[in-house]
Each structure stands twice: as C-alpha cells, then as structure tokens.
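Shown here: work_31.txt, compact mmCIF, N, CA, C and O atoms.
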# COMPACT_ATOMS: atom_id res chain seq x y z
N MET A 1 21.07 13.40 8.33
CA MET A 1 20.20 13.98 9.30
C MET A 1 18.75 13.77 8.87
O MET A 1 18.40 13.91 7.71
N ILE A 2 17.90 13.40 9.80
CA ILE A 2 16.49 13.16 9.52
C ILE A 2 15.72 14.48 9.63
O ILE A 2 15.80 15.16 10.64
N THR A 3 15.01 14.81 8.55
CA THR A 3 14.20 16.03 8.59
C THR A 3 12.80 15.67 9.04
O THR A 3 12.27 14.62 8.69
N MET A 4 12.22 16.56 9.82
CA MET A 4 10.90 16.31 10.39
C MET A 4 9.92 17.39 9.93
O MET A 4 10.31 18.48 9.54
N ARG A 5 8.65 17.06 10.00
CA ARG A 5 7.57 18.01 9.73
C ARG A 5 6.41 17.66 10.66
O ARG A 5 6.45 16.67 11.36
N ARG A 6 5.38 18.45 10.65
CA ARG A 6 4.23 18.21 11.50
C ARG A 6 3.07 17.65 10.67
O ARG A 6 2.83 18.09 9.54
N CYS A 7 2.37 16.70 11.23
CA CYS A 7 1.18 16.14 10.59
C CYS A 7 0.12 17.24 10.52
O CYS A 7 -0.15 17.90 11.52
N PRO A 8 -0.51 17.44 9.36
CA PRO A 8 -1.53 18.49 9.25
C PRO A 8 -2.82 18.15 10.01
O PRO A 8 -3.65 19.03 10.23
N TYR A 9 -2.97 16.92 10.44
CA TYR A 9 -4.19 16.50 11.12
C TYR A 9 -4.07 16.49 12.64
O TYR A 9 -4.97 16.89 13.34
N CYS A 10 -2.93 16.00 13.17
CA CYS A 10 -2.79 15.90 14.62
C CYS A 10 -1.64 16.74 15.17
O CYS A 10 -1.45 16.80 16.38
N ALA A 11 -0.84 17.35 14.31
CA ALA A 11 0.25 18.25 14.66
C ALA A 11 1.42 17.56 15.37
O ALA A 11 2.28 18.22 15.93
N GLU A 12 1.50 16.24 15.33
CA GLU A 12 2.64 15.53 15.89
C GLU A 12 3.80 15.57 14.89
O GLU A 12 3.58 15.67 13.68
N GLU A 13 5.03 15.50 15.38
CA GLU A 13 6.19 15.49 14.50
C GLU A 13 6.36 14.12 13.86
O GLU A 13 6.32 13.10 14.55
N ILE A 14 6.53 14.12 12.54
CA ILE A 14 6.74 12.90 11.78
C ILE A 14 7.88 13.13 10.80
O ILE A 14 8.27 14.27 10.54
N ARG A 15 8.41 12.06 10.25
CA ARG A 15 9.49 12.19 9.26
C ARG A 15 8.98 12.88 8.00
O ARG A 15 7.81 12.74 7.63
N ASP A 16 9.86 13.57 7.34
CA ASP A 16 9.50 14.33 6.15
C ASP A 16 9.03 13.41 5.02
O ASP A 16 8.14 13.77 4.25
N GLU A 17 9.58 12.21 4.91
CA GLU A 17 9.21 11.31 3.82
C GLU A 17 8.01 10.43 4.14
O GLU A 17 7.62 9.58 3.35
N ALA A 18 7.38 10.61 5.31
CA ALA A 18 6.25 9.79 5.72
C ALA A 18 5.06 9.96 4.78
O ALA A 18 4.77 11.05 4.32
N ILE A 19 4.39 8.85 4.52
CA ILE A 19 3.19 8.85 3.70
C ILE A 19 1.96 8.80 4.59
O ILE A 19 0.92 9.33 4.26
N LYS A 20 2.11 8.17 5.77
CA LYS A 20 1.02 8.00 6.71
C LYS A 20 1.50 8.40 8.09
O LYS A 20 2.59 8.04 8.50
N CYS A 21 0.69 9.16 8.83
CA CYS A 21 1.05 9.59 10.18
C CYS A 21 1.02 8.40 11.12
O CYS A 21 0.03 7.66 11.17
N ARG A 22 2.09 8.20 11.88
CA ARG A 22 2.16 7.07 12.80
C ARG A 22 1.33 7.29 14.05
O ARG A 22 1.07 6.37 14.80
N TYR A 23 0.89 8.50 14.29
CA TYR A 23 0.11 8.80 15.49
C TYR A 23 -1.40 8.74 15.23
O TYR A 23 -2.13 8.12 15.98
N CYS A 24 -1.86 9.41 14.18
CA CYS A 24 -3.32 9.44 13.93
C CYS A 24 -3.75 8.54 12.78
O CYS A 24 -4.92 8.31 12.58
N GLY A 25 -2.77 8.03 11.98
CA GLY A 25 -3.09 7.11 10.89
C GLY A 25 -3.56 7.78 9.61
O GLY A 25 -3.98 7.09 8.68
N SER A 26 -3.51 9.08 9.54
CA SER A 26 -3.98 9.80 8.36
C SER A 26 -2.99 9.67 7.20
O SER A 26 -1.79 9.73 7.41
N LEU A 27 -3.53 9.51 5.99
CA LEU A 27 -2.70 9.52 4.80
C LEU A 27 -2.31 10.96 4.52
O LEU A 27 -3.15 11.85 4.55
N LEU A 28 -1.04 11.19 4.23
CA LEU A 28 -0.54 12.55 4.12
C LEU A 28 -0.41 13.06 2.70
O LEU A 28 -0.44 14.25 2.46
N GLU A 29 -0.27 12.18 1.74
CA GLU A 29 -0.05 12.61 0.37
C GLU A 29 -1.15 12.11 -0.54
O GLU A 29 -1.06 11.03 -1.10
N GLY A 30 -2.20 12.85 -0.68
CA GLY A 30 -3.28 12.51 -1.59
C GLY A 30 -4.07 11.30 -1.12
O GLY A 30 -3.75 10.64 -0.16
N SER A 31 -5.13 11.01 -1.81
CA SER A 31 -6.00 9.89 -1.49
C SER A 31 -5.44 8.61 -2.06
O SER A 31 -4.82 8.59 -3.12
N ALA A 32 -5.68 7.50 -1.37
CA ALA A 32 -5.23 6.20 -1.86
C ALA A 32 -5.94 5.81 -3.15
O ALA A 32 -5.43 5.04 -3.94
N LEU A 33 -7.13 6.37 -3.37
CA LEU A 33 -7.87 6.06 -4.59
C LEU A 33 -7.35 6.83 -5.79
O LEU A 33 -7.56 6.42 -6.93
N SER A 34 -6.69 7.96 -5.57
CA SER A 34 -6.20 8.76 -6.69
C SER A 34 -4.76 8.41 -7.07
O SER A 34 -4.29 8.83 -8.10
N ARG A 35 -4.07 7.64 -6.24
CA ARG A 35 -2.70 7.25 -6.54
C ARG A 35 -2.68 5.94 -7.33
O ARG A 35 -3.63 5.17 -7.31
N THR A 36 -1.57 5.66 -7.98
CA THR A 36 -1.42 4.41 -8.70
C THR A 36 -1.20 3.28 -7.70
O THR A 36 -0.42 3.41 -6.77
N TRP A 37 -1.89 2.19 -7.91
CA TRP A 37 -1.72 1.02 -7.06
C TRP A 37 -0.61 0.16 -7.63
O TRP A 37 -0.49 0.00 -8.85
N TYR A 38 0.22 -0.40 -6.75
CA TYR A 38 1.33 -1.25 -7.16
C TYR A 38 1.27 -2.58 -6.44
O TYR A 38 0.87 -2.65 -5.28
N ARG A 39 1.70 -3.64 -7.13
CA ARG A 39 1.88 -4.93 -6.47
C ARG A 39 3.19 -4.88 -5.70
O ARG A 39 4.11 -4.18 -6.07
N SER A 40 3.26 -5.64 -4.63
CA SER A 40 4.45 -5.64 -3.79
C SER A 40 5.26 -6.91 -4.01
O SER A 40 4.70 -8.00 -4.10
N ARG A 41 6.57 -6.76 -4.07
CA ARG A 41 7.45 -7.92 -4.16
C ARG A 41 7.73 -8.52 -2.79
O ARG A 41 8.04 -9.68 -2.67
N GLN A 42 7.61 -7.70 -1.75
CA GLN A 42 7.86 -8.17 -0.39
C GLN A 42 6.56 -8.60 0.25
O GLN A 42 5.57 -7.88 0.19
N GLY A 43 6.55 -9.76 0.87
CA GLY A 43 5.37 -10.25 1.56
C GLY A 43 4.31 -10.83 0.65
O GLY A 43 3.20 -11.09 1.08
N LYS A 44 4.65 -11.06 -0.61
CA LYS A 44 3.66 -11.61 -1.53
C LYS A 44 3.54 -13.12 -1.36
O LYS A 44 4.47 -13.78 -0.93
N MET A 45 2.36 -13.63 -1.68
CA MET A 45 2.14 -15.08 -1.65
C MET A 45 1.97 -15.61 -3.08
O MET A 45 2.51 -16.65 -3.41
N ILE A 46 1.21 -14.91 -3.89
CA ILE A 46 1.00 -15.34 -5.27
C ILE A 46 1.57 -14.29 -6.23
O ILE A 46 2.56 -14.52 -6.88
N ALA A 47 0.91 -13.14 -6.30
CA ALA A 47 1.34 -12.10 -7.25
C ALA A 47 1.62 -10.77 -6.57
O ALA A 47 2.02 -9.83 -7.24
N GLY A 48 1.39 -10.66 -5.29
CA GLY A 48 1.66 -9.41 -4.58
C GLY A 48 0.53 -8.41 -4.61
O GLY A 48 0.70 -7.27 -4.18
N VAL A 49 -0.65 -8.81 -5.10
CA VAL A 49 -1.78 -7.90 -5.18
C VAL A 49 -2.25 -7.49 -3.79
O VAL A 49 -2.37 -6.30 -3.48
N CYS A 50 -2.54 -8.46 -2.93
CA CYS A 50 -3.03 -8.15 -1.58
C CYS A 50 -1.98 -7.41 -0.77
O CYS A 50 -2.30 -6.47 -0.04
N ALA A 51 -0.71 -7.79 -0.90
CA ALA A 51 0.35 -7.11 -0.16
C ALA A 51 0.48 -5.66 -0.62
O ALA A 51 0.67 -4.75 0.19
N GLY A 52 0.37 -5.42 -1.91
CA GLY A 52 0.45 -4.05 -2.43
C GLY A 52 -0.73 -3.20 -2.00
O GLY A 52 -0.57 -2.04 -1.62
N LEU A 53 -1.93 -3.76 -2.05
CA LEU A 53 -3.12 -3.01 -1.62
C LEU A 53 -3.09 -2.73 -0.12
O LEU A 53 -3.48 -1.66 0.33
N ALA A 54 -2.63 -3.70 0.65
CA ALA A 54 -2.53 -3.51 2.10
C ALA A 54 -1.56 -2.39 2.43
O ALA A 54 -1.82 -1.55 3.30
N GLU A 55 -0.44 -2.34 1.72
CA GLU A 55 0.53 -1.27 1.93
C GLU A 55 -0.04 0.09 1.52
O GLU A 55 0.12 1.08 2.21
N GLN A 56 -0.78 0.11 0.42
CA GLN A 56 -1.35 1.36 -0.09
C GLN A 56 -2.41 1.93 0.85
O GLN A 56 -2.44 3.12 1.10
N PHE A 57 -3.27 1.06 1.38
CA PHE A 57 -4.37 1.52 2.23
C PHE A 57 -4.04 1.49 3.71
O PHE A 57 -4.84 1.92 4.53
N GLY A 58 -2.87 0.95 4.07
CA GLY A 58 -2.46 0.93 5.47
C GLY A 58 -3.27 -0.02 6.33
O GLY A 58 -3.55 0.28 7.48
N ILE A 59 -3.66 -1.17 5.76
CA ILE A 59 -4.40 -2.17 6.52
C ILE A 59 -3.67 -3.49 6.50
O ILE A 59 -2.67 -3.66 5.79
N SER A 60 -4.16 -4.45 7.24
CA SER A 60 -3.52 -5.74 7.36
C SER A 60 -3.65 -6.54 6.07
O SER A 60 -4.74 -6.65 5.50
N VAL A 61 -2.54 -7.13 5.63
CA VAL A 61 -2.57 -7.96 4.44
C VAL A 61 -3.39 -9.22 4.70
O VAL A 61 -4.06 -9.74 3.80
N THR A 62 -3.39 -9.70 5.93
CA THR A 62 -4.19 -10.88 6.28
C THR A 62 -5.68 -10.60 6.10
O THR A 62 -6.42 -11.45 5.60
N ALA A 63 -6.12 -9.41 6.47
CA ALA A 63 -7.53 -9.05 6.31
C ALA A 63 -7.91 -9.02 4.83
O ALA A 63 -9.00 -9.48 4.45
N LEU A 64 -7.04 -8.50 3.99
CA LEU A 64 -7.33 -8.47 2.55
C LEU A 64 -7.35 -9.87 1.95
O LEU A 64 -8.20 -10.17 1.10
N ARG A 65 -6.44 -10.71 2.37
CA ARG A 65 -6.43 -12.08 1.86
C ARG A 65 -7.68 -12.83 2.28
O ARG A 65 -8.27 -13.58 1.50
N LEU A 66 -8.10 -12.62 3.53
CA LEU A 66 -9.32 -13.25 4.02
C LEU A 66 -10.54 -12.74 3.25
O LEU A 66 -11.43 -13.52 2.88
N ALA A 67 -10.57 -11.44 2.97
CA ALA A 67 -11.67 -10.88 2.19
C ALA A 67 -11.70 -11.46 0.78
O ALA A 67 -12.79 -11.75 0.24
N ALA A 68 -10.54 -11.68 0.17
CA ALA A 68 -10.49 -12.27 -1.18
C ALA A 68 -11.00 -13.70 -1.16
O ALA A 68 -11.74 -14.12 -2.05
N VAL A 69 -10.62 -14.46 -0.13
CA VAL A 69 -11.09 -15.85 -0.02
C VAL A 69 -12.60 -15.87 0.21
O VAL A 69 -13.33 -16.66 -0.42
N LEU A 70 -13.10 -15.02 1.09
CA LEU A 70 -14.55 -14.97 1.35
C LEU A 70 -15.32 -14.54 0.11
O LEU A 70 -16.39 -15.08 -0.18
N LEU A 71 -14.79 -13.56 -0.63
CA LEU A 71 -15.44 -13.14 -1.86
C LEU A 71 -15.47 -14.27 -2.88
O LEU A 71 -16.43 -14.42 -3.63
N THR A 72 -14.43 -15.09 -2.90
CA THR A 72 -14.39 -16.23 -3.81
C THR A 72 -15.41 -17.28 -3.41
O THR A 72 -16.17 -17.79 -4.25
N LEU A 73 -15.45 -17.60 -2.13
CA LEU A 73 -16.35 -18.67 -1.66
C LEU A 73 -17.81 -18.23 -1.65
O LEU A 73 -18.69 -19.00 -2.06
N LEU A 74 -18.09 -17.03 -1.17
CA LEU A 74 -19.47 -16.57 -1.02
C LEU A 74 -19.98 -15.83 -2.25
O LEU A 74 -21.19 -15.67 -2.41
N GLY A 75 -19.09 -15.37 -3.09
CA GLY A 75 -19.49 -14.57 -4.25
C GLY A 75 -19.40 -15.31 -5.56
O GLY A 75 -19.22 -14.69 -6.60
N ALA A 76 -19.50 -16.61 -5.53
CA ALA A 76 -19.50 -17.43 -6.76
C ALA A 76 -18.26 -17.21 -7.62
O ALA A 76 -18.35 -17.14 -8.84
N GLY A 77 -17.12 -17.07 -6.99
CA GLY A 77 -15.87 -16.97 -7.74
C GLY A 77 -15.41 -15.57 -8.08
O GLY A 77 -14.39 -15.39 -8.74
N TRP A 78 -16.13 -14.54 -7.63
CA TRP A 78 -15.76 -13.16 -7.96
C TRP A 78 -14.41 -12.77 -7.38
O TRP A 78 -13.72 -11.93 -7.95
N GLY A 79 -14.02 -13.36 -6.27
CA GLY A 79 -12.72 -13.04 -5.67
C GLY A 79 -11.58 -13.38 -6.61
O GLY A 79 -10.62 -12.62 -6.75
N VAL A 80 -11.68 -14.52 -7.26
CA VAL A 80 -10.64 -14.95 -8.21
C VAL A 80 -10.61 -14.00 -9.42
O VAL A 80 -9.54 -13.59 -9.87
N ILE A 81 -11.79 -13.64 -9.90
CA ILE A 81 -11.87 -12.75 -11.07
C ILE A 81 -11.26 -11.39 -10.75
O ILE A 81 -10.44 -10.86 -11.51
N VAL A 82 -11.63 -10.81 -9.60
CA VAL A 82 -11.09 -9.51 -9.20
C VAL A 82 -9.58 -9.60 -9.01
O VAL A 82 -8.83 -8.71 -9.46
N TYR A 83 -9.11 -10.66 -8.37
CA TYR A 83 -7.67 -10.83 -8.13
C TYR A 83 -6.90 -10.91 -9.45
O TYR A 83 -5.87 -10.26 -9.61
N VAL A 84 -7.39 -11.70 -10.39
CA VAL A 84 -6.70 -11.86 -11.68
C VAL A 84 -6.69 -10.54 -12.46
O VAL A 84 -5.68 -10.17 -13.05
N VAL A 85 -7.80 -9.80 -12.43
CA VAL A 85 -7.85 -8.50 -13.12
C VAL A 85 -6.84 -7.54 -12.50
O VAL A 85 -6.08 -6.87 -13.21
N LEU A 86 -6.80 -7.49 -11.16
CA LEU A 86 -5.82 -6.62 -10.51
C LEU A 86 -4.39 -7.08 -10.80
O LEU A 86 -3.48 -6.26 -10.94
N TRP A 87 -4.17 -8.38 -10.87
CA TRP A 87 -2.86 -8.93 -11.19
C TRP A 87 -2.39 -8.43 -12.56
O TRP A 87 -1.24 -8.08 -12.75
N VAL A 88 -3.31 -8.39 -13.50
CA VAL A 88 -2.97 -7.97 -14.86
C VAL A 88 -2.72 -6.46 -14.95
O VAL A 88 -1.78 -6.02 -15.62
N ILE A 89 -3.54 -5.65 -14.27
CA ILE A 89 -3.44 -4.20 -14.46
C ILE A 89 -2.50 -3.50 -13.49
O ILE A 89 -2.08 -2.38 -13.77
N MET A 90 -2.17 -4.12 -12.37
CA MET A 90 -1.30 -3.46 -11.39
C MET A 90 0.16 -3.78 -11.67
O MET A 90 0.55 -4.94 -11.67
N PRO A 91 1.00 -2.76 -11.90
CA PRO A 91 2.42 -3.01 -12.12
C PRO A 91 3.14 -3.26 -10.79
O PRO A 91 2.64 -2.90 -9.72
N TYR A 92 4.31 -3.88 -10.86
CA TYR A 92 5.15 -4.01 -9.68
C TYR A 92 5.72 -2.65 -9.32
O TYR A 92 6.03 -1.85 -10.20
N LYS A 93 5.88 -2.42 -8.04
CA LYS A 93 6.54 -1.21 -7.57
C LYS A 93 8.02 -1.35 -7.90
O LYS A 93 8.59 -2.42 -7.75
N SER A 94 8.66 -0.27 -8.36
CA SER A 94 10.08 -0.35 -8.70
C SER A 94 10.88 -0.67 -7.45
O SER A 94 10.50 -0.31 -6.34
N ARG A 95 11.99 -1.33 -7.62
CA ARG A 95 12.78 -1.80 -6.48
C ARG A 95 13.34 -0.67 -5.63
O ARG A 95 13.49 -0.81 -4.43
N ASP A 96 13.66 0.48 -6.22
CA ASP A 96 14.27 1.55 -5.45
C ASP A 96 13.25 2.41 -4.71
O ASP A 96 13.60 3.09 -3.76
N SER A 97 11.97 2.39 -5.09
CA SER A 97 10.99 3.21 -4.38
C SER A 97 10.51 2.48 -3.13
O SER A 97 10.40 1.29 -3.09
N GLY A 98 10.27 3.27 -2.11
CA GLY A 98 9.78 2.72 -0.86
C GLY A 98 10.86 2.27 0.09
O GLY A 98 10.58 1.78 1.16
N LEU A 99 12.13 2.40 -0.28
CA LEU A 99 13.21 1.96 0.59
C LEU A 99 13.77 3.08 1.43
O LEU A 99 14.65 2.87 2.25
N GLY A 100 13.27 4.28 1.23
CA GLY A 100 13.76 5.41 1.99
C GLY A 100 15.10 5.95 1.49
O GLY A 100 15.74 6.74 2.13
N ILE A 101 15.52 5.48 0.32
CA ILE A 101 16.78 5.93 -0.27
C ILE A 101 16.45 6.92 -1.37
O ILE A 101 15.70 6.63 -2.28
N ARG A 102 17.02 8.08 -1.26
CA ARG A 102 16.80 9.10 -2.28
C ARG A 102 18.01 9.16 -3.19
O ARG A 102 19.15 9.10 -2.73
N PRO A 103 17.77 9.27 -4.51
CA PRO A 103 18.91 9.37 -5.42
C PRO A 103 19.70 10.64 -5.16
O PRO A 103 19.15 11.67 -4.85
N SER A 104 21.01 10.54 -5.31
CA SER A 104 21.86 11.73 -5.07
C SER A 104 22.19 12.43 -6.36
O SER A 104 22.03 11.98 -7.41
Any chance you could give the structure as structure tokens?
Amino acid sequence: MITMRRCPYCAEEIRDEAIKCRYCGSLLEGSALSRTWYRSRQGKMIAGVCAGLAEQFGISVTALRLAAVLLTLLGAGWGVIVYVVLWVIMPYKSRDSGLGIRPS
C-alpha cells in the first residue's frame, strides 16, 4: 500500500518517500546544498557527475552538460577542472538507494 502525505508548501498529496513535490517543485528533505552529492550510474556519459547533480537539484541533465561545456570553452578550461574535481570527490550512489525499495 502506498502511503501519502501532504506537501508543506502547496498542501497537495504526495508519496511519503518523495524528495521533491511533483506539483510545486519544492525540495522536501533539507537543502540540496546541505546533502551529500552523489554521481549517478544511470544516464551517465563519462563519470555521472552531471547526471548526479541534475538529479540532486531537480534540473535537466542536458542543461548541466551544456553549462560544463560553456564553462570549458569560455572559462579557459575551468569546466574540465571543476568536472574532474567533482569526479574525484563525489562518490557513486549505492545501487539500492533511490529505487523505492525499502529493506525489510
């Protein structure tokens, strides 16, 4: 059985395990800046950095990839430096988290 709760921002019913409200887009569990960032194994092209950040912040992965390319081209290579640093410090998300399966 699916348990539901109400979004504290728009009062619409959402699933209990939801991280982001599907109606108003508000993050429900803490700030994205205070949580640990993870690389994503799904949808990755190189190391999963952009896919993980897009999932964390709830934005398009294409927009993040485009921003990284623009930062590289217009910022004298800073996009590559930032990407490599994030690649080194961001761990992969564990395989069982994020699948909606709770351990019994």
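Counting from atom C of Gly52 in chain A, the distance to atom C of Thr36 in chain A is 8.6 Å.
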Open item on the list: I'd like the interatomic distance between CA of Ala47 in chain A and CA of Leu64 in chain A, to a tenth of an Å.
Closed with: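 Here the two named atoms are 13.6 Å from each other.
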Quick one: residues within 9 Å of range 13-24 of chain A, only C-alpha atoms counted, chain neighbours fewer than 3 positions away excluded, as a PDB file with N, CA, C and O atoms, keeping the file's coordinate frame?
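Written output follows (part.pdb):
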ATOM      1  N   ILE A   2      17.900  13.400   9.800  1.00  0.00           N
ATOM      2  CA  ILE A   2      16.490  13.160   9.520  1.00  0.00           C
ATOM      3  C   ILE A   2      15.720  14.480   9.630  1.00  0.00           C
ATOM      4  O   ILE A   2      15.800  15.160  10.640  1.00  0.00           O
ATOM      5  N   THR A   3      15.010  14.810   8.550  1.00  0.00           N
ATOM      6  CA  THR A   3      14.200  16.030   8.590  1.00  0.00           C
ATOM      7  C   THR A   3      12.800  15.670   9.040  1.00  0.00           C
ATOM      8  O   THR A   3      12.270  14.620   8.690  1.00  0.00           O
ATOM      9  N   MET A   4      12.220  16.560   9.820  1.00  0.00           N
ATOM     10  CA  MET A   4      10.900  16.310  10.390  1.00  0.00           C
ATOM     11  C   MET A   4       9.920  17.390   9.930  1.00  0.00           C
ATOM     12  O   MET A   4      10.310  18.480   9.540  1.00  0.00           O
ATOM     13  N   ARG A   5       8.650  17.060  10.000  1.00  0.00           N
ATOM     14  CA  ARG A   5       7.570  18.010   9.730  1.00  0.00           C
ATOM     15  C   ARG A   5       6.410  17.660  10.660  1.00  0.00           C
ATOM     16  O   ARG A   5       6.450  16.670  11.360  1.00  0.00           O
ATOM     17  N   ARG A   6       5.380  18.450  10.650  1.00  0.00           N
ATOM     18  CA  ARG A   6       4.230  18.210  11.500  1.00  0.00           C
ATOM     19  C   ARG A   6       3.070  17.650  10.670  1.00  0.00           C
ATOM     20  O   ARG A   6       2.830  18.090   9.540  1.00  0.00           O
ATOM     21  N   CYS A   7       2.370  16.700  11.230  1.00  0.00           N
ATOM     22  CA  CYS A   7       1.180  16.140  10.590  1.00  0.00           C
ATOM     23  C   CYS A   7       0.120  17.240  10.520  1.00  0.00           C
ATOM     24  O   CYS A   7      -0.150  17.900  11.520  1.00  0.00           O
ATOM     25  N   TYR A   9      -2.970  16.920  10.440  1.00  0.00           N
ATOM     26  CA  TYR A   9      -4.190  16.500  11.120  1.00  0.00           C
ATOM     27  C   TYR A   9      -4.070  16.490  12.640  1.00  0.00           C
ATOM     28  O   TYR A   9      -4.970  16.890  13.340  1.00  0.00           O
ATOM     29  N   CYS A  10      -2.930  16.000  13.170  1.00  0.00           N
ATOM     30  CA  CYS A  10      -2.790  15.900  14.620  1.00  0.00           C
ATOM     31  C   CYS A  10      -1.640  16.740  15.170  1.00  0.00           C
ATOM     32  O   CYS A  10      -1.450  16.800  16.380  1.00  0.00           O
ATOM     33  N   LEU A  27      -3.530   9.510   5.990  1.00  0.00           N
ATOM     34  CA  LEU A  27      -2.700   9.520   4.800  1.00  0.00           C
ATOM     35  C   LEU A  27      -2.310  10.960   4.520  1.00  0.00           C
ATOM     36  O   LEU A  27      -3.150  11.850   4.550  1.00  0.00           O
ATOM     37  N   LEU A  28      -1.040  11.190   4.230  1.00  0.00           N
ATOM     38  CA  LEU A  28      -0.540  12.550   4.120  1.00  0.00           C
ATOM     39  C   LEU A  28      -0.410  13.060   2.700  1.00  0.00           C
ATOM     40  O   LEU A  28      -0.440  14.250   2.460  1.00  0.00           O
ATOM     41  N   GLU A  29      -0.270  12.180   1.740  1.00  0.00           N
ATOM     42  CA  GLU A  29      -0.050  12.610   0.370  1.00  0.00           C
ATOM     43  C   GLU A  29      -1.150  12.110  -0.540  1.00  0.00           C
ATOM     44  O   GLU A  29      -1.060  11.030  -1.100  1.00  0.00           O
ATOM     45  N   GLY A  58      -2.870   0.950   4.070  1.00  0.00           N
ATOM     46  CA  GLY A  58      -2.460   0.930   5.470  1.00  0.00           C
ATOM     47  C   GLY A  58      -3.270  -0.020   6.330  1.00  0.00           C
ATOM     48  O   GLY A  58      -3.550   0.280   7.480  1.00  0.00           O
ATOM     49  N   GLY A 100      13.270   4.280   1.230  1.00  0.00           N
ATOM     50  CA  GLY A 100      13.760   5.410   1.990  1.00  0.00           C
ATOM     51  C   GLY A 100      15.100   5.950   1.490  1.00  0.00           C
ATOM     52  O   GLY A 100      15.740   6.740   2.130  1.00  0.00           O
TER      53      GLY A 100
END
Open item on the list: Could you tell me how far atom C of Leu70 in chain A sits from atom C of Tyr38 in chain A, in Å to one decimal place?
Closed with: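 Distance between the two atoms: 21.5 Å.
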Open item on the list: Just list as a ChimeraX atom specification whatever in range 36-96 of chain A DSSP marks as helix (DSSP H, G or I).
Closed with: /A:49-57,61-74,78-89
TODO: Check the smallest atom-to-atom distance from each of A:Gly48, A:Arg39, A:Gly25, A:Pro8 to Pro91 in chain A using only C-alpha atoms, then report the winner.
DONE: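 Closest candidate: A:Arg39.
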Task: Filtered DSSP result for chain A, state strand (DSSP E or B), as a PyMOL selection string - done: chain A and resi 4-6+13-15+20+27+39+92
- [ ] Point out the residue among A:Ile81, A:Trp37, A:Gln56, A:Ser26 with the least atom-to-atom distance to Ala68 in chain A, counting all atoms listed in the file.
- [x]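 Once distances to Ala68 in chain A are computed over all atoms listed in the file, the minimum belongs to A:Ile81.
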Give the centre and edge lengths of an axis-aligned box, in Å to one decimal, that holds all listed atoms of range 10-26 of chain A with 5 Å on each side, as AutoDock Vina command-line options.
--center_x 2.5 --center_y 12.3 --center_z 9.9 --size_x 24.8 --size_y 21.9 --size_z 23.0
